[in-house]
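K.L.:
One structure coming up, written as structure tokens, with questions to follow.
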Amino acid sequence: MRDILNIMRFDYLTAKPLALAGMIFTIVVFGILSMFFSPIITTYMTFASMLFVIPLQGVADKSGFNKLYGILPVERKNITRARFLYIFLVHFLTELLEAVIICTAKGTTLYKVLPNQNGETMQMVKESFADTKLTLLMLFGMFTFFCLIFSFMEMMGQIFGRENEFKIIMITIGIISLIAFVFTFLSEHDLIPVVKLPSLPDTVSGMVTSGIVVNIVVFVICLLFGEITANKLAKREL
């Protein structure tokens, strides 16, 4: 476990010079906007988390980190596992920070100092602050989407090569879209039973509980992607 933590720290230090300034800028800008206009704006900070993920492979390629990894006294599988845990941790910590800012924004209600409180725009702002369920849905949804996307991209890139990463992702999106289209077509023509998606919880506590479950599921999926990738690379090196 210590080896994995050390590799995760190494990944963070690699991305830090390129990502930290952008992350701080994003936190300040979106944090201020969310305080005055809508807590939902905070969830867009998730885009900044990619700054700590995207540079890793480019920096590693240019600096020859793959050769460095090869001489480190660390099991090759742990190096791979660390990358996926790192991706999850970056998005998870961003999600926690967003949750803190959302709670602060809703608690301070600074939007009340803005002029024209009875105007149409301000009514929309007030509704946004009142709609906690939508804010939580965006919070957990953004975390889930980007964390899984970057984990999947990492798996595809390491297994099939970075040069084929985009092509594989587009093929995957095409396959998923085709399956969704066929499923929808068959459902509309009563060729298969209609599957009803579960409804969202009616309470904020229910949304929070669902969000915790989603976080756990995403964590498990990241671990699974890491194990699949580690095993594939291990077989390739035999």
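How things are named: the first chain in the structure tokens is A, the next is B, and so on; residues count from 1 in each chain; ligands count from 1 in the order shown.
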Would you give me, as a ChimeraX atom specification, the residues in region 99-214 of chain A that DSSP reads as alpha helix (DSSP H)?

P.N.:
/A:99-108,120-130,132-160,165-188,204-214

K.L.:
Which polymer residues have any atom within 12 Å of an atom of Val113 (chain A), counting only C-alpha atoms, with same-chain residues fewer than 5 positions away left out, as a list in words?

P.N.:
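Listing them by chain and then by number gives Met35, Phe36, Phe37, Thr108 and Met122 of chain A.
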
K.L.:
Which residue is closest to Thr135 (chain A)? Choose from A:Phe185, A:Ala105, A:Ser177, A:Gly22 and count only C-alpha atoms.

P.N.:
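Among the listed residues, A:Ala105 lies closest to Thr135 (chain A).
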
K.L.:
For CA of Phe10 (chain A) and CA of Leu93 (chain A), determine how far apart the two atoms are, in Å to one decimal place.

P.N.:
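Interatomic distance here is 17.2 Å.
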
K.L.:
Using only C-alpha atoms, determine which residues lie at most 12 Å from Thr109 (chain A), disregarding the query and same-chain residues fewer than 4 positions distant; provide the list as a count of residues only.

P.N.:
19

K.L.:
Can you tell me, as an MDAnalysis selection string, what residues are no more than 7 Å from region 154-160 of chain A when counting only C-alpha atoms, ignoring any on the same chain fewer than 2 positions away?

P.N.:
chainID A and resid 150:152 162 164:165 225 229 232:233

K.L.:
How would the residues just chosen look if you wrote them out with C-alpha atoms as a short mmCIF file (atom, residue, chain, number, x, y, z; two decimals), in the first residue's frame?

P.N.:
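That gives us again35.cif:
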data_model
loop_
_atom_site.label_atom_id
_atom_site.label_comp_id
_atom_site.auth_asym_id
_atom_site.auth_seq_id
_atom_site.Cartn_x
_atom_site.Cartn_y
_atom_site.Cartn_z
CA PHE A 150 -10.94 9.40 -17.31
CA SER A 151 -10.55 5.96 -15.72
CA PHE A 152 -11.83 4.32 -18.88
CA ARG A 162 -2.18 6.35 -26.39
CA ASN A 164 -5.22 4.55 -30.42
CA GLU A 165 -6.99 6.00 -27.39
CA PHE A 225 -10.34 -0.90 -14.28
CA THR A 229 -5.17 -2.92 -16.86
CA LYS A 232 -3.21 -7.05 -19.15
CA LEU A 233 0.12 -5.26 -18.91
#

K.L.:
CA of His91 (chain A) and CA of Phe30 (chain A), how far apart in Å?

P.N.:
16.4 Å

K.L.:
Would you list the contacts of Leu137 (chain A) as a PyMOL selection string, taking every protein, DNA or RNA residue within 10 Å and counting only C-alpha atoms, but skipping same-chain residues closer than 3 positions in sequence?

P.N.:
chain A and resi 40+43+132-134+140-143+200+207-208+210-211

K.L.:
How would the residues just picked look written out with C-alpha atoms as a compact mmCIF listing (two decimals), in the first residue's frame?

P.N.:
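What follows is the written file out_13.txt:
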# COMPACT_ATOMS: atom_id res chain seq x y z
CA ILE A 40 -24.82 24.57 -9.09
CA THR A 43 -20.07 21.66 -9.74
CA THR A 132 -30.94 21.40 -3.22
CA LYS A 133 -31.87 18.15 -4.97
CA LEU A 134 -30.85 19.46 -8.39
CA PHE A 140 -22.75 13.51 -7.94
CA GLY A 141 -23.44 13.33 -11.66
CA MET A 142 -20.40 15.40 -12.67
CA PHE A 143 -18.16 13.41 -10.35
CA LEU A 200 -34.69 10.03 -7.63
CA MET A 207 -30.02 12.15 -2.31
CA VAL A 208 -26.98 12.27 -0.03
CA SER A 210 -27.60 7.79 -2.97
CA GLY A 211 -24.55 9.95 -3.62

K.L.:
What is the CA of Phe88 (chain A)-CA of Cys222 (chain A) distance in Å, reported with one decimal?

P.N.:
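CA of Cys222 (chain A) lies 6.8 Å from CA of Phe88 (chain A).
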
K.L.:
With only C-alpha atoms as the basis for distance, which of A:Ile41, A:Ala82, A:Leu18, A:Val29 is at the shortest distance from Ala99 (chain A)?

P.N.:
A:Ile41

K.L.:
Of the candidates A:Ile176, A:Leu89, A:Val28, A:Leu13, which one gets nearest to Leu56 (chain A) if we count only C-alpha atoms?

P.N.:
A:Leu13

K.L.:
Which is closer to Leu51 (chain A) than all the others in A:Ile79, A:Met170, A:Ala19, A:Ile221, using only C-alpha atoms?

P.N.:
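Going through A:Ile79, A:Met170, A:Ala19, A:Ile221 one by one, the smallest distance to Leu51 (chain A) is for A:Ala19.
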